[in-house]
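Colleague: My questions will all concern the structure given below.
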Amino acid sequence: MISLDINGKTMNLDVDPNTPLLWAIREHAGLTGTKYGCGIAQCGACTVHIDGLPMRSCSIPVGAVSGRRITTIEGLAQGGKLTKVQQAWIDHEVPQCGYCQAGMIMAVEALLKAKPKPTDADINAAVTNICRCGTFQEVRKAIHAAAKA
Amino acid sequence: MKVSIPQWMPRVSRRSFIVSSAAVGGGLALGLRLPLGPAVVRAQDGSPEVNAWVVIRPDDTVVIRMARSEMGQGTITGLAQLLAEELECDWGKIVYEYPTPGQSVKRKRIWGDFSTGGSRGIRTSHDYVRMGGATARVMLVQAAANQWGVPASECTAAKSIVTHGPTKRRLSYGKLAEAAAKLEAPKNVKLKDPKEWKVIGKPVARLDTRDKVTGRQVYGFDLKLPGMLVATIKECPVFGGKVKSFDAARVASLRGVKKVLQVGDTAVAVVADTFWQAKVALDQLPVVWDEGPNAKVSQASIMAQLAEGLGAEQAFVGNQAGDAKAALAGAAKRVEATYFYPWLNHVCMEPMNATARYTPDKCEVWVPTQDGEGSFAAVLAASGLPADKCEVYKINLGGGFGRRGAFQDYVTQAVRIAKEMPGIPVKLLWTREEDMVQGRFHPIMQCKLTGGFDAQGNLTGLHMRLSGQSILKEVRPAIVEQQKGRDPLVFQGVADAGEHSFNYNFPNQLIDHAMRQNHVPPGFWRGVNINQNAVFIECFMDELAGAAGKDPVEFRRQFMGKHPRALAVMNAVAERIGWTQPAPAGRHRGIAQMKAFNSFVAAAAEISVQGGNRVKVHRIVAATDCGYAVNPAQIERQVSGSFVYGLSALFMEENTVQNGAIVEKNFDTFNSMRMAQMPQVETIIIQGGGDTWGGIGEPTICVAAPAVLNALYKATGKRIRTVPLKNHGIEMV
């Protein structure tokens, strides 16, 4: 049994400690908003926050994060109220297929916590997620809009 | 395990099409213009179908039903706009659902073609979808007129409400649907003139955004069914190879493993409680492959085969005027160049997957698919069950790009696995590595181009010889057979007629194809053959312009006189980027144009080069004349998104073969653009109108690469003719 703190809830999961956090979140905690894209920490689709920092959950064994504070896409909106980033994503119609967007949003949420008014260079450095639909132009607009909101 | 069925999944099950006998013979008010129909068809929640496209619930919710698949391109929203325009319904009350292929078969394909590829979603269904909305509107108005006992001509419909003009009485669609559904559908309803459109042409918000920002949208990868197990699979990495043996006992007792099995002749799979358990076991499973003769194929052997085709006698003609060979033989000056375009995997962000549940009485499959009917056919074949015992539930896709339409290999695999475990739903998930090596790849192609000039410097002839893979030969052999061996699709963008016709007329021209097949399965990759053809012809046009000492835009114009819409599109990008003015210091420009999927497209790129090999694409101006623009906001997104796909390929993507197998297995060796590399994209939309509607999802993808390559030549003086650019040590920054 591994005890995980996910979105403010303690979950005791019967999972092999070597299982990547991504799959523990998806298959044991049942939260499927966090996506698998590559399994080698390249694409960022699996990005979650661990103690507030954006991490690629496909490459972290679940046994290493017991007791740490984990936030997934499902944990952003509080009481149905979307975050500024999520709202900006809707206002600017960022998603196309949407598959990578949970990871993208988690990277951006972390960026805006660290740098509430990011420059384009800050964005380029912090948001390195892959999006095959190619939503980057709208992602950038939405980040600046969220920073102003 | 928790059951979670996405809210947009079809609520119209087979049970739902219960014919309401109460509807038959029901007395109606006077003034009935439309006769009674046979019976009311109902959705699963009991709401009446006004027609196949439109279900209206008592609370005024309008449920529209579309056969095409949403994979991010916005087609569902565009189709809803087309329907809403004619239905005169309240846009805020629209939801959508997918009819299932099984229902479609039962109802004589009432929803039309399910296949969602070739940028066809809107352009080849706009007529019947608009008619579906218009017909339903007429029925709703008639139902109101009947209830009030007034002529329908005194009633109007707007925002889901029918109003009787003289008395101002009003009834909402939700209150009229039941009566409207009992009427026989009118024939020959007149559609609106485009000048009257209020919803079509507006950048209305997509219908499918919210769940994508909260993590609630359920993709195929996320599906949960009661009692479900998860499988992952490995097919012989050498195409054409087979399973020789595998040692199931070595992994059978690993945690969670439920079954280790061979799938068909070519693959092995592990079924477990979770994906991760299945993957851990599959990675450890000893498998011996019978790789067959293809294991001897190398990249070098294929390149040699293609090079031979460049000079071969026999070739299929795609476009011919005058006598190009004679013109070239008599030319005062000849320009010659050979180009290359590689295999490319689609790399949808969501790897291939399908979930199947099989019993001898029923086979059901849940799958993200670009072609529900194609999936359905695969279920029939793999299950051995007749159509009335099969069903497919479509799930919105995490990317498609052509991988999930004509190819249903993952569906076949899922059904074969489920058949070994009757009654248990099995979700088959591919790893990224499996997805990379088992692709249906953009065809590999070389091209030799020769241009001839007379003594005065006039271009007198052009020969474009393609040598490489035909997709249709493998995927639609009947078409190739009809054409006596020729693949007409290979000439996309340079064809003599049709939706991909050439925008140039040269005094003498010959474009032909030496078909050279190999063992790597080719597929339709966003844009398909326009990707390489645009690089070949549009870079060579710049080479010819250089040889003639002319400006590339001026040079092109000479040969585009018969193609005014293409010319207007090219001129639009040239003007916007300021082609006749010098570029900002340190920047260089290139241009390209093409016609594809019945849209005219052009791009002008502005780049700079640092340190000789670090290329920054600052800006791309892109224009598209698609005839009619249904949702300009989504068109802009498709255009800028297509450049991410196209420029990723240009700079950093290539699949290669070693010992018969694909070498690149993940994003570490097959990279994709990031935020930092994204140019500013400015989209110009031109609505040329006419009877033919153009596509949006694919056409512009092809013009970005040649525009950038032409700019790169201006920047460096070096002409690069083989892509990707990483092979030349060039990096995108």
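Residue numbers start at 1 in each chain; chains themselves are named A, B, ... in the order of the structure tokens; ligands are numbered from 1 in the order shown.
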Counting only C-alpha atoms, what is within 12 Å of His500 of chain B, bar same-chain residues fewer than 4 positions away, as a PyMOL selection string?

Modeller: chain B and resi 118+318-319+488-496+527-530+533-534+566+594-601+694-695+698-699

Colleague: Can you check which parts of chain B lie within 6 Å of chain A? Per residue, the shortest pair of atoms and distance in Å to one decimal, counting only C-alpha atoms, sorted by chain and number, as a tab-separated table.

Modeller:
residue	atom	partner	partner_atom	distance
B:Met71	CA	A:Cys97	CA	5.1
B:Gly72	CA	A:Cys97	CA	3.5
B:Lys212	CA	A:Gly98	CA	5.3
B:Val213	CA	A:Gln86	CA	5.8
B:Gly215	CA	A:Gly33	CA	3.9
B:Asp222	CA	A:Thr32	CA	5.7
B:Met349	CA	A:Gly37	CA	5.7
B:Gly398	CA	A:Tyr99	CA	5.1
B:Gly399	CA	A:Cys97	CA	5.7
B:Arg432	CA	A:Cys38	CA	5.4
B:Gly641	CA	A:Gly134	CA	3.9
B:Val644	CA	A:Gly134	CA	5.0
B:Arg674	CA	A:Thr128	CA	5.7
B:Met675	CA	A:Phe136	CA	5.6
B:Ala676	CA	A:Asn124	CA	4.5

Colleague: Using only C-alpha atoms, which residue out of B:Ile417, B:Met732, B:Val573, B:Ala67 lies closest to Asp371 of chain B?

Modeller: B:Ala67

Colleague: Quick check for you: according to DSSP on this backbone, which residues of chain A are classed as strand (DSSP E)? Reply as an MDAnalysis selection string.

Modeller: chainID A and resid 2:6 9:13 47:50 53:56 69:71

Colleague: If I take atom CA of Ala158 of chain B and atom CA of Ala205 of chain B, how far is one from the other in Å, to one decimal?

Modeller: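 One can read the atom CA of Ala158 of chain B to atom CA of Ala205 of chain B distance as 19.6 Å.
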
Colleague: Interatomic distance between atom CA of Glu350 of chain B and atom CA of Ile60 of chain A?

Modeller: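 Separating atom CA of Glu350 of chain B from atom CA of Ile60 of chain A is a distance of 20.3 Å.
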
Colleague: Taking the chain letters and numbering used in this document, name the residues of segment 53-157 of chain B that DSSP puts in helix (DSSP H, G or I), as number ranges by chain.

Modeller: B: 75-87, 91-93, 101-106, 126-148, 152-154

Colleague: Kindly export the residues of the current selection with C-alpha atoms, as a CSV table (one decimal), in the first residue's frame.

Modeller:
chain,number,residue,atom,x,y,z
B,75,THR,CA,-15.7,19.7,-37.9
B,76,ILE,CA,-18.5,19.0,-35.5
B,77,THR,CA,-18.9,22.7,-34.6
B,78,GLY,CA,-18.8,23.6,-38.3
B,79,LEU,CA,-21.4,21.0,-39.2
B,80,ALA,CA,-23.6,22.2,-36.3
B,81,GLN,CA,-23.3,25.8,-37.7
B,82,LEU,CA,-24.5,24.6,-41.1
B,83,LEU,CA,-27.4,22.8,-39.5
B,84,ALA,CA,-28.3,25.5,-37.1
B,85,GLU,CA,-28.3,28.1,-39.8
B,86,GLU,CA,-31.2,26.4,-41.6
B,87,LEU,CA,-32.9,25.0,-38.5
B,91,TRP,CA,-27.1,28.1,-30.8
B,92,GLY,CA,-26.7,28.0,-27.0
B,93,LYS,CA,-29.0,24.9,-26.8
B,101,PRO,CA,-22.4,2.7,-37.7
B,102,GLY,CA,-24.7,-0.2,-36.7
B,103,GLN,CA,-27.7,2.2,-36.7
B,104,SER,CA,-26.5,3.7,-39.9
B,105,VAL,CA,-26.5,0.3,-41.6
B,106,LYS,CA,-30.0,-0.4,-40.4
B,126,HIS,CA,-22.6,20.8,-46.2
B,127,ASP,CA,-25.5,20.2,-48.6
B,128,TYR,CA,-27.3,17.3,-46.9
B,129,VAL,CA,-26.6,18.7,-43.4
B,130,ARG,CA,-28.1,22.1,-44.3
B,131,MET,CA,-31.0,20.3,-45.9
B,132,GLY,CA,-31.5,18.3,-42.7
B,133,GLY,CA,-31.8,21.5,-40.7
B,134,ALA,CA,-34.0,23.2,-43.3
B,135,THR,CA,-36.4,20.2,-43.5
B,136,ALA,CA,-36.7,20.0,-39.7
B,137,ARG,CA,-37.4,23.7,-39.5
B,138,VAL,CA,-40.2,23.5,-42.1
B,139,MET,CA,-41.7,20.6,-40.1
B,140,LEU,CA,-41.5,22.5,-36.8
B,141,VAL,CA,-43.2,25.6,-38.4
B,142,GLN,CA,-45.9,23.4,-39.9
B,143,ALA,CA,-46.5,21.8,-36.5
B,144,ALA,CA,-47.0,25.2,-35.0
B,145,ALA,CA,-49.3,26.3,-37.8
B,146,ASN,CA,-51.4,23.2,-37.4
B,147,GLN,CA,-51.8,23.8,-33.7
B,148,TRP,CA,-52.9,27.3,-34.2
B,152,ALA,CA,-47.6,28.1,-42.2
B,153,SER,CA,-46.8,31.0,-44.4
B,154,GLU,CA,-47.9,33.4,-41.6

Colleague: Measuring atom to atom with only C-alpha atoms, identify which of A:Leu111, A:Ala29, A:Ile143, A:Met11 is nearest to Gly67 of chain A.

Modeller: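 For Gly67 of chain A, the nearest of the given residues is A:Met11.
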
Colleague: Give me the residues near Ile64 of chain B as number ranges by chain, where near means some atom within 6 Å (using only C-alpha atoms) and where sequence neighbours in that chain fewer than 4 positions away do not count.

Modeller: B: 53-54, 96

Colleague: Compare A:Ala142, A:Ile2, A:Ala64, A:Ala147 by their minimum atom-to-atom distance to Lys117 of chain A, counting only C-alpha atoms, and give me the closest one.

Modeller: A:Ala147

Colleague: Rounded to one decimal place, report the atom CA of Gly44 of chain A-atom CA of Arg614 of chain B distance in Å.

Modeller: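 Here the two named atoms are 24.5 Å from each other.
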
Colleague: Which polymer residues have any atom within 7 Å of an atom of segment 345-348 of chain B, counting only C-alpha atoms, with same-chain residues fewer than 3 positions away left out, as a PyMOL selection string?

Modeller: (chain A and resi 132) or (chain B and resi 351+398-401+403+436+439-442+525+655)

Colleague: Using only C-alpha atoms, find the one residue out of B:Ser467, B:Gln408, B:Ser375, B:Thr624 that sits nearest to Gln532 of chain B.

Modeller: B:Ser467

Colleague: Which is closer to Phe559 of chain B than all the others in B:Pro58, B:Gly372, B:Gly461, B:Gly240, using only C-alpha atoms?

Modeller: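 Checking each candidate against Phe559 of chain B, we get B:Gly461 as the closest.
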
Colleague: Can you pull out the residues contacting segment 295-301 of chain B? Cut-off 10 Å, using only C-alpha atoms, and skip same-chain residues under 2 positions away; I want them as an MDAnalysis selection string.

Modeller: chainID B and resid 237:241 290:293 303:307 518:520 655:662

Colleague: I need the residues from that last selection saved to file as a compact mmCIF listing (two decimals), in the first residue's frame (with N, CA and C atoms), if you can.

Modeller:
# COMPACT_ATOMS: atom_id res chain seq x y z
N PRO B 237 8.39 -6.23 -35.50
CA PRO B 237 8.86 -4.90 -35.94
C PRO B 237 9.26 -4.86 -37.41
N VAL B 238 9.56 -6.01 -37.98
CA VAL B 238 9.83 -6.05 -39.43
C VAL B 238 8.50 -6.32 -40.13
N PHE B 239 8.06 -5.37 -40.93
CA PHE B 239 6.78 -5.53 -41.62
C PHE B 239 6.80 -6.80 -42.47
N GLY B 240 5.73 -7.58 -42.35
CA GLY B 240 5.68 -8.84 -43.09
C GLY B 240 6.20 -10.03 -42.29
N GLY B 241 6.84 -9.75 -41.15
CA GLY B 241 7.35 -10.82 -40.33
C GLY B 241 6.26 -11.44 -39.46
N ASP B 290 9.94 -14.58 -36.77
CA ASP B 290 10.36 -15.00 -38.11
C ASP B 290 10.26 -13.75 -38.98
N GLU B 291 11.37 -13.05 -39.09
CA GLU B 291 11.32 -11.71 -39.71
C GLU B 291 11.14 -11.75 -41.22
N GLY B 292 11.48 -12.88 -41.83
CA GLY B 292 11.27 -13.01 -43.27
C GLY B 292 12.26 -12.19 -44.09
N PRO B 293 12.07 -12.18 -45.39
CA PRO B 293 13.05 -11.56 -46.29
C PRO B 293 13.19 -10.04 -46.10
N MET B 303 16.65 3.66 -51.06
CA MET B 303 17.05 4.89 -51.76
C MET B 303 17.59 4.55 -53.16
N ALA B 304 18.29 3.44 -53.27
CA ALA B 304 18.82 3.03 -54.58
C ALA B 304 17.68 2.66 -55.52
N GLN B 305 16.68 2.00 -54.98
CA GLN B 305 15.51 1.61 -55.77
C GLN B 305 14.78 2.86 -56.29
N LEU B 306 14.65 3.85 -55.43
CA LEU B 306 13.98 5.10 -55.84
C LEU B 306 14.81 5.85 -56.89
N ALA B 307 16.12 5.88 -56.68
CA ALA B 307 16.99 6.59 -57.61
C ALA B 307 16.90 5.98 -59.01
N ASN B 518 7.62 -0.65 -51.57
CA ASN B 518 8.50 -1.37 -50.66
C ASN B 518 7.67 -1.95 -49.53
N HIS B 519 8.32 -2.52 -48.53
CA HIS B 519 7.59 -3.26 -47.50
C HIS B 519 7.06 -2.38 -46.38
N VAL B 520 7.42 -1.11 -46.39
CA VAL B 520 6.93 -0.22 -45.32
C VAL B 520 5.53 0.27 -45.70
N ASN B 655 11.38 9.03 -40.61
CA ASN B 655 11.50 7.63 -40.23
C ASN B 655 12.44 6.95 -41.22
N THR B 656 13.26 6.07 -40.68
CA THR B 656 14.20 5.34 -41.52
C THR B 656 14.11 3.86 -41.18
N VAL B 657 14.70 3.05 -42.06
CA VAL B 657 14.62 1.60 -41.90
C VAL B 657 16.01 1.02 -41.73
N GLN B 658 16.13 0.11 -40.78
CA GLN B 658 17.36 -0.65 -40.60
C GLN B 658 16.97 -2.10 -40.39
N ASN B 659 17.58 -3.00 -41.12
CA ASN B 659 17.22 -4.42 -41.05
C ASN B 659 15.71 -4.62 -41.15
N GLY B 660 15.09 -3.82 -41.97
CA GLY B 660 13.67 -3.99 -42.25
C GLY B 660 12.73 -3.34 -41.28
N ALA B 661 13.24 -2.79 -40.16
CA ALA B 661 12.36 -2.23 -39.13
C ALA B 661 12.57 -0.72 -39.00
N ILE B 662 11.53 -0.04 -38.52
CA ILE B 662 11.62 1.41 -38.30
C ILE B 662 12.56 1.68 -37.12

Colleague: Which is closest to Ile25 of chain A among B:Phe667, B:Trp693, B:Trp276, B:Phe536, if we use only C-alpha atoms?

Modeller: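 Of B:Phe667, B:Trp693, B:Trp276, B:Phe536, the one nearest Ile25 of chain A, counting only C-alpha atoms, is B:Trp276.
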
Colleague: Identify, on the basis of only C-alpha atoms, every residue whose closest approach to Arg476 of chain B does not exceed 12 Å; exclude the query and any residue fewer than 2 positions from it along the same chain; express the result as a count of residues only.

Modeller: 21

Colleague: Can you pull out every residue within 6 Å of Leu510 of chain B, counting only C-alpha atoms, but drop anything in the same chain fewer than 6 positions away, and send it as a ChimeraX atom specification?

Modeller: /B:319-320,324,463

Colleague: Take the residues just selected and output them with N, CA and C atoms as a compact mmCIF listing (two decimals), in the first residue's frame.

Modeller:
# COMPACT_ATOMS: atom_id res chain seq x y z
N ASN B 319 0.20 14.44 -65.72
CA ASN B 319 -0.09 15.76 -66.27
C ASN B 319 0.81 15.96 -67.48
N GLN B 320 0.20 16.17 -68.62
CA GLN B 320 0.99 16.27 -69.84
C GLN B 320 0.39 17.32 -70.76
N ALA B 324 7.22 17.81 -73.65
CA ALA B 324 8.25 18.29 -72.73
C ALA B 324 9.62 17.72 -73.06
N HIS B 463 9.88 18.88 -66.91
CA HIS B 463 9.60 17.47 -66.63
C HIS B 463 9.79 17.24 -65.14
